[in-house]
$ cat model-v7.cif   # mmCIF, C-alpha atoms
data_upload
loop_
_atom_site.label_atom_id
_atom_site.label_comp_id
_atom_site.auth_asym_id
_atom_site.auth_seq_id
_atom_site.Cartn_x
_atom_site.Cartn_y
_atom_site.Cartn_z
CA MET A 1 72.13 52.87 -38.90
CA ARG A 2 72.57 51.30 -42.32
CA PHE A 3 75.06 48.90 -40.74
CA VAL A 4 72.50 47.79 -38.12
CA GLY A 5 69.81 47.40 -40.79
CA THR A 6 72.06 45.14 -42.87
CA TYR A 7 72.77 42.85 -39.93
CA LEU A 8 69.14 42.81 -38.83
CA ARG A 9 68.09 41.76 -42.32
CA ALA A 10 70.84 39.14 -42.36
CA LEU A 11 69.62 37.70 -39.06
CA LEU A 12 66.02 37.66 -40.26
CA THR A 13 67.15 35.87 -43.43
CA ALA A 14 69.05 33.30 -41.33
CA ALA A 15 66.00 32.79 -39.10
CA ALA A 16 63.73 32.33 -42.13
CA ILE A 17 66.09 29.75 -43.68
CA LEU A 18 66.40 27.88 -40.36
CA PHE A 19 62.62 27.88 -40.03
CA VAL A 20 62.23 26.27 -43.45
CA ILE A 21 64.91 23.69 -42.64
CA ASP A 22 63.18 22.96 -39.34
CA PHE A 23 59.90 22.38 -41.11
CA GLY A 24 61.72 19.83 -43.28
CA VAL A 25 63.32 18.11 -40.29
CA ARG A 26 59.96 17.82 -38.51
CA ALA A 27 58.33 16.33 -41.59
CA ALA A 28 61.17 14.07 -42.68
CA PHE A 29 62.74 12.67 -39.51
CA PRO A 30 61.37 9.12 -39.26
CA ILE A 31 60.13 7.01 -36.38
CA LEU A 32 62.94 4.48 -36.07
CA PRO A 33 62.54 0.70 -35.66
CA ARG A 34 63.88 1.12 -32.11
CA LEU A 35 65.28 3.89 -29.93
CA GLY A 36 68.81 4.93 -30.83
CA ASP A 37 71.99 4.38 -28.87
CA ASN A 38 71.63 7.98 -27.78
CA PHE A 39 68.17 9.39 -28.13
CA SER A 40 66.97 12.84 -27.25
CA ALA A 41 63.95 14.05 -25.34
CA ALA A 42 62.72 15.59 -28.61
CA TYR A 43 62.82 12.19 -30.32
CA LEU A 44 61.23 10.45 -27.35
CA ARG A 45 58.31 12.89 -27.50
CA ARG A 46 57.67 11.74 -31.08
CA ALA A 47 58.13 8.06 -30.25
CA ILE A 48 55.51 8.10 -27.46
CA ALA A 49 52.94 10.21 -29.27
CA PRO A 50 49.51 8.59 -29.73
CA ALA A 51 50.13 8.28 -33.48
CA ALA A 52 53.12 6.02 -32.79
CA ILE A 53 51.61 4.03 -29.90
CA ASP A 54 47.84 3.68 -30.19
CA GLY A 55 46.65 0.15 -30.85
CA ARG A 56 50.16 -1.29 -30.76
CA THR A 57 51.91 -3.60 -28.35
CA VAL A 58 54.66 -1.63 -26.63
CA PHE A 59 57.86 -3.37 -25.56
CA MET A 60 59.84 -1.72 -22.80
CA GLY A 61 62.90 -2.72 -20.90
CA ASP A 62 66.65 -2.93 -21.18
CA SER A 63 69.32 -3.82 -23.72
CA ALA A 64 68.31 -7.49 -23.68
CA LEU A 65 65.01 -6.58 -25.34
CA TRP A 66 66.51 -3.68 -27.31
CA GLY A 67 68.82 -6.01 -29.28
CA TYR A 68 72.28 -5.26 -27.88
CA LYS A 69 75.13 -5.52 -30.42
CA LEU A 70 72.68 -6.35 -33.20
CA ALA A 71 71.32 -4.36 -36.10
CA PRO A 72 67.78 -3.04 -35.56
CA ALA A 73 66.46 -5.54 -38.14
CA GLN A 74 67.76 -8.46 -36.03
CA ALA A 75 66.11 -7.43 -32.77
CA ALA A 76 63.20 -9.60 -31.60
CA VAL A 77 60.67 -6.75 -31.62
CA THR A 78 61.55 -5.82 -35.22
CA LEU A 79 61.12 -9.47 -36.19
CA LEU A 80 57.72 -9.51 -34.50
CA ARG A 81 56.72 -6.45 -36.48
CA ASP A 82 57.93 -8.14 -39.67
CA ARG A 83 55.68 -11.07 -38.79
CA GLY A 84 52.65 -8.84 -38.59
CA MET A 85 52.42 -7.89 -34.91
CA PRO A 86 51.86 -4.14 -34.49
CA ALA A 87 54.75 -3.68 -32.07
CA VAL A 88 56.82 -0.74 -30.86
CA ASN A 89 60.27 -1.17 -29.33
CA LEU A 90 60.77 1.42 -26.58
CA SER A 91 63.42 -0.53 -24.70
CA TYR A 92 66.90 0.90 -24.47
CA GLU A 93 70.35 0.27 -23.10
CA GLY A 94 70.19 1.32 -19.49
CA GLY A 95 66.59 0.24 -18.91
CA SER A 96 65.29 -0.97 -15.54
CA THR A 97 61.93 -0.99 -13.73
CA PRO A 98 62.21 2.72 -12.71
CA ASN A 99 62.87 3.50 -16.39
CA THR A 100 59.90 1.39 -17.48
CA TYR A 101 57.66 3.17 -14.99
CA ALA A 102 58.89 6.59 -16.14
CA LEU A 103 58.29 5.73 -19.78
CA LEU A 104 54.83 4.44 -18.99
CA LYS A 105 53.97 7.67 -17.15
CA LEU A 106 55.09 9.58 -20.24
CA ILE A 107 53.05 7.43 -22.61
CA PHE A 108 49.89 7.95 -20.58
CA ALA A 109 50.60 11.66 -20.07
CA ALA A 110 50.88 11.99 -23.86
CA GLY A 111 47.39 10.48 -24.15
CA ALA A 112 48.59 7.34 -25.95
CA LYS A 113 46.72 4.04 -25.61
CA PRO A 114 48.88 0.94 -26.10
CA ARG A 115 47.08 -2.31 -26.87
CA ALA A 116 49.37 -4.16 -24.44
CA VAL A 117 52.66 -3.56 -22.67
CA VAL A 118 55.43 -6.15 -22.56
CA PHE A 119 58.43 -5.43 -20.38
CA ASN A 120 61.38 -7.41 -19.16
CA VAL A 121 62.34 -7.87 -15.56
CA ASN A 122 66.08 -8.38 -15.25
CA SER A 123 67.18 -9.57 -11.82
CA LYS A 124 70.60 -7.93 -12.13
CA GLU A 125 68.91 -4.49 -12.18
CA PHE A 126 67.54 -5.07 -8.67
CA ASN A 127 71.12 -4.87 -7.45
CA ALA A 128 71.81 -1.45 -5.89
CA ALA A 129 75.23 -1.52 -7.57
CA ASP A 130 73.66 -1.64 -11.04
CA SER A 131 74.01 1.60 -13.00
CA ALA A 132 70.29 1.71 -13.83
CA TYR A 133 69.06 0.75 -10.35
CA GLN A 134 67.77 4.19 -9.49
CA THR A 135 68.96 6.24 -12.47
CA LEU A 136 66.83 7.19 -15.42
CA TYR A 137 68.05 7.57 -18.97
CA PRO A 138 68.74 11.31 -19.45
CA ALA A 139 66.01 11.97 -22.04
CA VAL A 140 63.49 9.98 -20.00
CA GLU A 141 64.40 11.80 -16.81
CA GLN A 142 64.11 15.17 -18.52
CA LEU A 143 60.54 14.51 -19.61
CA ALA A 144 59.29 12.32 -16.77
CA TRP A 145 60.68 14.09 -13.71
CA PRO A 146 57.87 16.68 -13.60
CA LEU A 147 55.33 13.81 -13.64
CA PHE A 148 56.73 12.15 -10.53
CA ASP A 149 55.37 12.68 -7.07
CA ALA A 150 57.56 13.12 -4.00
CA ARG A 151 57.37 9.39 -3.25
CA ASP A 152 58.81 8.53 -6.68
CA ARG A 153 61.47 11.24 -6.56
CA ALA A 154 62.69 10.14 -3.15
CA LEU A 155 63.77 6.80 -4.59
CA LEU A 156 65.57 8.12 -7.67
CA ALA A 157 68.88 9.84 -8.35
CA HIS A 158 68.18 13.21 -9.93
CA LYS A 159 70.94 13.74 -12.49
CA GLN A 160 69.46 16.54 -14.59
CA SER A 161 70.85 19.99 -14.07
CA ASP A 162 68.36 22.74 -13.29
CA GLY A 163 70.82 25.50 -14.14
CA LEU A 164 70.10 28.28 -16.60
CA ASP A 165 72.00 26.62 -19.45
CA ALA A 166 70.06 23.37 -18.98
CA ARG A 167 66.76 25.26 -18.98
CA ILE A 168 67.70 27.14 -22.14
CA ASP A 169 68.77 23.87 -23.74
CA ARG A 170 65.43 22.23 -22.86
CA SER A 171 63.43 25.22 -24.10
CA LEU A 172 65.31 25.37 -27.40
CA GLY A 173 64.85 21.64 -27.86
CA ARG A 174 61.09 22.00 -27.48
CA PHE A 175 60.44 24.39 -30.34
CA TRP A 176 63.52 24.01 -32.55
CA ALA A 177 63.39 20.50 -34.02
CA LEU A 178 66.87 20.43 -35.53
CA TYR A 179 68.36 21.53 -32.24
CA GLY A 180 66.30 19.09 -30.19
CA LEU A 181 66.94 16.18 -32.57
CA ARG A 182 70.60 16.95 -33.26
CA VAL A 183 71.87 13.89 -31.42
CA ASP A 184 69.39 11.67 -33.28
CA VAL A 185 70.32 13.25 -36.63
CA ARG A 186 74.01 12.64 -35.89
CA GLU A 187 73.26 9.06 -34.90
CA GLN A 188 71.49 8.49 -38.22
CA LEU A 189 74.17 10.21 -40.28
CA PHE A 190 77.31 8.93 -38.58
CA GLY A 191 76.12 5.87 -36.66
CA SER A 192 77.62 7.47 -33.60
CA VAL A 193 77.04 10.22 -31.09
CA ASP A 194 78.89 12.75 -33.25
CA ALA A 195 81.18 13.00 -36.28
CA ALA A 196 84.37 13.11 -34.21
CA THR A 197 83.45 9.92 -32.35
CA ALA A 198 82.52 8.24 -35.64
CA LEU A 199 85.95 9.08 -37.04
CA ALA A 200 87.66 7.86 -33.86
CA ASN A 201 85.66 4.60 -34.07
CA LEU A 202 86.63 4.16 -37.71
CA GLN A 203 90.27 4.62 -36.89
CA HIS A 204 89.84 2.21 -33.97
CA ARG A 205 88.41 -0.41 -36.34
CA LEU A 206 90.92 0.11 -39.13
CA SER A 207 93.86 -0.15 -36.75
CA GLY A 208 92.59 -3.54 -35.54
CA GLU A 209 92.38 -2.23 -32.00
CA ALA A 210 88.61 -2.73 -31.87
CA GLN A 211 89.01 -6.41 -32.72
CA ARG A 212 91.77 -6.83 -30.13
CA GLU A 213 89.56 -5.25 -27.50
CA ALA A 214 86.61 -7.44 -28.49
CA ASP A 215 88.83 -10.51 -28.16
CA ALA A 216 90.05 -9.37 -24.75
CA HIS A 217 86.46 -8.73 -23.64
CA ARG A 218 85.13 -12.20 -24.26
CA PRO A 219 82.62 -12.77 -21.49
CA THR A 220 84.04 -14.96 -18.79
CA PRO A 221 82.33 -15.68 -15.46
CA ASP A 222 84.72 -13.50 -13.45
CA ARG A 223 83.41 -10.41 -15.25
CA PHE A 224 80.03 -10.90 -13.62
CA LEU A 225 81.18 -11.16 -10.05
CA GLY A 226 78.88 -8.85 -8.11
CA THR A 227 76.45 -8.34 -11.01
CA TYR A 228 73.66 -10.25 -9.29
CA ASP A 229 72.77 -9.43 -5.70
CA LEU A 230 71.21 -12.45 -4.06
CA GLU A 231 70.10 -10.76 -0.85
CA PRO A 232 66.36 -11.40 -0.40
CA LEU A 233 64.33 -8.79 -2.24
CA ASP A 234 61.63 -6.80 -0.48
CA GLU A 235 59.70 -3.57 -0.96
CA SER A 236 62.61 -1.43 0.19
CA ASN A 237 64.35 -2.31 -3.08
CA VAL A 238 63.97 0.52 -5.61
CA GLY A 239 63.50 -1.92 -8.49
CA VAL A 240 60.74 -3.74 -6.62
CA ALA A 241 59.00 -0.48 -5.69
CA PHE A 242 58.91 0.63 -9.33
CA LEU A 243 57.89 -2.80 -10.57
CA GLU A 244 54.85 -2.55 -8.33
CA ARG A 245 54.11 1.00 -9.46
CA THR A 246 54.44 -0.01 -13.11
CA LEU A 247 52.00 -2.86 -12.67
CA ASP A 248 49.58 -0.73 -10.66
CA LEU A 249 49.61 1.91 -13.37
CA LEU A 250 48.93 -0.65 -16.09
CA ARG A 251 46.09 -2.19 -14.12
CA GLU A 252 44.59 1.22 -13.39
CA ARG A 253 44.62 1.96 -17.13
CA HIS A 254 43.28 -1.50 -18.03
CA VAL A 255 46.24 -2.25 -20.28
CA PRO A 256 47.16 -5.94 -20.57
CA ALA A 257 50.64 -6.45 -19.12
CA TYR A 258 53.28 -9.09 -19.79
CA ALA A 259 56.37 -9.37 -17.61
CA ILE A 260 59.26 -11.28 -19.18
CA LEU A 261 61.72 -12.85 -16.77
CA THR A 262 64.82 -12.04 -18.79
CA PRO A 263 66.63 -14.90 -20.54
CA THR A 264 69.80 -15.54 -18.58
CA ASN A 265 72.92 -17.49 -19.46
CA HIS A 266 73.03 -19.99 -16.62
CA ALA A 267 76.00 -21.85 -18.07
CA LEU A 268 78.11 -18.68 -17.90
CA LEU A 269 76.76 -17.51 -14.55
CA HIS A 270 76.44 -20.93 -12.94
CA ASP A 271 78.71 -20.12 -9.99
CA TYR A 272 76.72 -17.03 -9.06
CA ILE A 273 73.09 -17.71 -9.78
CA ASP A 274 72.44 -21.43 -9.75
CA VAL A 275 71.58 -21.25 -6.08
CA PRO A 276 68.22 -21.24 -4.28
CA GLU A 277 68.52 -17.51 -3.43
CA TYR A 278 68.44 -16.53 -7.11
CA ARG A 279 65.37 -18.62 -7.84
CA ARG A 280 63.67 -17.33 -4.70
CA ASN A 281 64.17 -13.72 -5.78
CA LEU A 282 62.94 -14.48 -9.27
CA SER A 283 59.83 -16.18 -7.85
CA TYR A 284 59.27 -13.15 -5.61
CA LEU A 285 59.32 -10.83 -8.65
CA ALA A 286 57.09 -13.16 -10.66
CA ALA A 287 54.60 -13.31 -7.80
CA ILE A 288 54.41 -9.50 -7.63
CA ALA A 289 53.64 -9.37 -11.34
CA ALA A 290 51.10 -12.18 -11.23
CA ARG A 291 49.32 -10.71 -8.17
CA ARG A 292 48.88 -7.43 -10.02
CA GLY A 293 47.32 -9.06 -13.05
CA ALA A 294 50.31 -9.38 -15.39
CA ARG A 295 51.04 -12.50 -17.36
CA VAL A 296 54.52 -13.71 -16.44
CA LEU A 297 56.65 -15.12 -19.26
CA ASP A 298 59.41 -17.05 -17.54
CA TYR A 299 62.21 -17.13 -20.12
CA ASP A 300 64.96 -17.27 -17.49
CA ARG A 301 66.17 -20.71 -18.57
CA ALA A 302 64.57 -20.87 -21.99
CA PHE A 303 67.74 -20.32 -24.05
CA ALA A 304 70.86 -22.38 -24.70
CA PRO A 305 74.32 -20.95 -23.93
CA ALA A 306 75.09 -20.66 -27.67
CA GLU A 307 72.14 -18.28 -28.05
CA PHE A 308 73.79 -15.68 -25.81
CA ILE A 309 76.43 -13.05 -26.54
CA ASP A 310 77.17 -12.75 -22.82
CA ASN A 311 75.16 -13.00 -19.60
CA ASP A 312 71.75 -11.83 -20.85
CA HIS A 313 72.11 -10.50 -24.40
CA LEU A 314 70.92 -12.82 -27.14
CA THR A 315 72.54 -13.46 -30.50
CA ALA A 316 70.64 -12.88 -33.76
CA GLY A 317 69.50 -16.52 -33.60
CA GLY A 318 68.48 -16.03 -29.97
CA ASN A 319 66.45 -12.97 -30.92
CA ALA A 320 64.70 -14.92 -33.67
CA LYS A 321 63.74 -17.57 -31.12
CA LEU A 322 62.62 -14.88 -28.67
CA ALA A 323 60.40 -13.38 -31.38
CA THR A 324 58.81 -16.79 -32.00
CA MET A 325 58.16 -17.26 -28.28
CA LEU A 326 56.67 -13.78 -27.92
CA ARG A 327 54.48 -14.32 -30.98
CA ARG A 328 53.15 -17.42 -29.25
CA ASP A 329 52.75 -15.93 -25.76
CA VAL A 330 51.60 -12.35 -26.31
CA ARG A 331 47.99 -12.00 -27.39
CA THR A 332 47.51 -9.11 -29.76
CA GLY A 333 43.90 -9.73 -30.71
CA PRO A 334 40.91 -8.02 -29.06
CA MET B 335 113.73 41.93 -53.52
CA ASP B 336 110.44 41.54 -51.66
CA ASP B 337 108.47 39.04 -53.73
CA ARG B 338 105.41 38.78 -51.50
CA PHE B 339 103.35 41.21 -53.51
CA ILE B 340 104.04 40.13 -57.03
CA GLU B 341 100.88 40.65 -59.00
CA VAL B 342 100.02 37.77 -61.26
CA PRO B 343 98.69 39.18 -64.52
CA GLY B 344 94.96 38.41 -64.98
CA SER B 345 94.43 37.31 -61.35
CA ARG B 346 91.25 38.35 -59.54
CA ASP B 347 90.61 38.44 -55.86
CA VAL B 348 88.04 36.11 -54.31
CA ARG B 349 85.48 38.87 -53.94
CA GLU B 350 85.61 39.56 -57.64
CA VAL B 351 85.38 35.87 -58.49
CA LEU B 352 82.32 35.37 -56.31
CA GLN B 353 80.54 38.44 -57.55
CA THR B 354 80.92 37.34 -61.13
CA ASP B 355 79.81 33.81 -60.27
CA PRO B 356 76.80 32.86 -62.44
CA LEU B 357 74.70 31.85 -59.42
CA PHE B 358 75.34 35.16 -57.69
CA ARG B 359 74.52 37.04 -60.87
CA VAL B 360 71.31 35.08 -61.57
CA LEU B 361 70.10 35.65 -58.02
CA GLY B 362 71.13 39.27 -58.15
CA LEU B 363 73.24 38.84 -55.03
CA ARG B 364 76.39 40.56 -54.06
CA LEU B 365 78.89 39.56 -51.43
CA GLY B 366 78.16 41.29 -48.17
CA SER B 367 74.44 41.66 -48.89
CA PRO B 368 72.11 40.75 -45.99
CA TRP B 369 70.75 37.77 -47.94
CA VAL B 370 74.18 36.24 -48.48
CA LEU B 371 75.20 36.97 -44.93
CA GLY B 372 71.97 35.48 -43.57
CA ALA B 373 72.36 32.33 -45.67
CA ALA B 374 75.95 32.00 -44.44
CA ILE B 375 74.82 32.32 -40.81
CA ALA B 376 72.08 29.70 -41.30
CA LEU B 377 74.53 27.34 -42.99
CA LEU B 378 77.02 27.77 -40.18
CA VAL B 379 74.36 27.02 -37.53
CA VAL B 380 73.24 23.88 -39.39
CA LEU B 381 76.83 22.69 -39.81
CA ILE B 382 77.57 23.23 -36.12
CA LEU B 383 74.42 21.31 -35.13
CA ILE B 384 75.25 18.40 -37.43
CA PHE B 385 79.01 18.18 -37.11
CA GLY B 386 79.54 19.71 -33.69
CA PRO B 387 80.58 17.72 -30.64
CA SER B 388 77.81 16.10 -28.65
CA SER B 389 77.06 17.08 -25.10
CA ASP B 390 74.21 14.57 -24.89
CA SER B 391 75.83 11.42 -23.72
CA ARG B 392 74.38 8.23 -22.48
CA PHE B 393 75.92 7.89 -19.09
CA ILE B 394 74.32 5.01 -17.34
CA TYR B 395 74.84 1.97 -19.47
CA THR B 396 77.98 0.04 -18.84
CA ASP B 397 79.14 -2.82 -20.96
CA PHE B 398 79.73 -6.08 -19.15
#

$ encode --input "model-v7.cif" --output "structure tokens"
Amino acid sequence: MRFVGTYLRALLTAAAILFVIDFGVRAAFPILPRLGDNFSAAYLRRAIAPAAIDGRTVFMGDSALWGYKLAPAQAAVTLLRDRGMPAVNLSYEGGSTPNTYALLKLIFAAGAKPRAVVFNVNSKEFNAADSAYQTLYPAVEQLAWPLFDARDRALLAHKQSDGLDARIDRSLGRFWALYGLRVDVREQLFGSVDAATALANLQHRLSGEAQREADAHRPTPDRFLGTYDLEPLDESNVGVAFLERTLDLLRERHVPAYAILTPTNHALLHDYIDVPEYRRNLSYLAAIAARRGARVLDYDRAFAPAEFIDNDHLTAGGNAKLATMLRRDVRTGP
Amino acid sequence: MDDRFIEVPGSRDVREVLQTDPLFRVLGLRLGSPWVLGAAIALLVVLILIFGPSSDSRFIYTDF
């Protein structure tokens, strides 16, 4: 009996200490300048809360808007914030119009009221072969799936497990902040998904292998063969369907919407996209946005080849120019 | 001669060292007490959460 009492008291002590630590994590974990490489549902809940969104211009979309391969401080949305625009960067690597729609549903379900929503429309993501065509980012899917109706669900790939372990994991993540935010804490501490990966990356860098790989991966046109599908777009396309739903939702909520036609490196992709079919598809997407009341910002050809890292990701200089253009084109006043 | 159990004069085992540690004495703790055990469990959980392997992986983004 004494033995059981000792262990019970030990467990209660452990629980009390973890509770105090959790209180600290909840209070101290910051809202980051942009979503992390790997962000959790627990972090996303904080990032879309009214306190983080209300009265701000929310940017949503893919890695092009997120600031791929750049430090958070170099991303266009951070620069806009530095220049006085109340802006929130909710774009992430793996974004697409279904992801934008899901995020928007979450924002409204949380009761948040953005001043305006700016999102990018990237023609490569309307290709059924694209990894984000009908797949949601895991944390977004976890939170948004219950908000979808049958019509939405029918178009998307459901990747989340509904097994017992997944349900326990989700429940723990809801009330235990350190558990729910563990991937975000690791990202902040190690700059990677976990300590082991951070060590492996360090070794990769120190051995010179990372540099050799980067050299071997210089973007050449052949890498983008099949990236852009030039078949005529119509409403059967999942990306188009969710673009329409996104715009309808924004109009229904009376939120000003801006659709950026993503800057694209035409010099690199000349052989694939400098054809009438590409422009026709882009015009089709722009017309959908304009018809539903969004302002279309056509940045497709607005950047020089030297301002790109690859096909659609901008350099630090490119991001600075993008910030200037957005400052000019996005109205943030009443 | 079996030299595995040679006793070094003046040596103390780890239990003794910890129990005479100033921090333990100030806090009135003793090794094996529920408080020490509980703190050890909490520390272990925190370390696992921070340094453990990640099962949350981004799986949809592919580099060019």

$ interface_residues --input "model-v7.cif" --of "chain A" --to "chain B" --cutoff "9 Å" --atoms "all atoms listed in the file" --output "JSON, numbers by chain"
{"A": [5, 6, 7, 8, 9, 10, 11, 12, 13, 14, 15, 16, 17, 18, 21, 37, 38, 39, 40, 93, 94, 95, 131, 132, 135, 136, 137, 138, 178, 179, 182, 183, 185, 186, 189, 193, 194, 195, 196, 197, 217, 219, 223, 224, 310, 311]}

$ atom_distance --input "model-v7.cif" --atom1 "atom CA of Pro98 of chain A" --atom2 "atom CA of Arg56 of chain A"
22.1 Å

$ resolve_selection --input "model-v7.cif" --expression "the PyMOL selection byres ((chain A and resi 142) around 12)" --output "short mmCIF file (atom, residue, chain, number, x, y, z; two decimals) with C-alpha atoms, keeping the file's coordinate frame"
data_model
loop_
_atom_site.label_atom_id
_atom_site.label_comp_id
_atom_site.auth_asym_id
_atom_site.auth_seq_id
_atom_site.Cartn_x
_atom_site.Cartn_y
_atom_site.Cartn_z
CA PHE A 39 68.17 9.39 -28.13
CA SER A 40 66.97 12.84 -27.25
CA ALA A 41 63.95 14.05 -25.34
CA ALA A 42 62.72 15.59 -28.61
CA LEU A 44 61.23 10.45 -27.35
CA ARG A 45 58.31 12.89 -27.50
CA ASN A 99 62.87 3.50 -16.39
CA ALA A 102 58.89 6.59 -16.14
CA LEU A 103 58.29 5.73 -19.78
CA LEU A 106 55.09 9.58 -20.24
CA THR A 135 68.96 6.24 -12.47
CA LEU A 136 66.83 7.19 -15.42
CA TYR A 137 68.05 7.57 -18.97
CA PRO A 138 68.74 11.31 -19.45
CA ALA A 139 66.01 11.97 -22.04
CA VAL A 140 63.49 9.98 -20.00
CA GLU A 141 64.40 11.80 -16.81
CA LEU A 143 60.54 14.51 -19.61
CA ALA A 144 59.29 12.32 -16.77
CA TRP A 145 60.68 14.09 -13.71
CA PRO A 146 57.87 16.68 -13.60
CA LEU A 147 55.33 13.81 -13.64
CA PHE A 148 56.73 12.15 -10.53
CA HIS A 158 68.18 13.21 -9.93
CA LYS A 159 70.94 13.74 -12.49
CA GLN A 160 69.46 16.54 -14.59
CA SER A 161 70.85 19.99 -14.07
CA ASP A 162 68.36 22.74 -13.29
CA ALA A 166 70.06 23.37 -18.98
CA ARG A 167 66.76 25.26 -18.98
CA ASP A 169 68.77 23.87 -23.74
CA ARG A 170 65.43 22.23 -22.86
CA SER A 171 63.43 25.22 -24.10
CA GLY A 173 64.85 21.64 -27.86
CA ARG A 174 61.09 22.00 -27.48
CA ASP B 390 74.21 14.57 -24.89
#

$ atom_distance --input "model-v7.cif" --atom1 "atom CA of Ala129 of chain A" --atom2 "atom CA of Phe308 of chain A"
23.1 Å

$ atom_distance --input "model-v7.cif" --atom1 "atom CA of Leu233 of chain A" --atom2 "atom CA of Leu269 of chain A"
19.5 Å
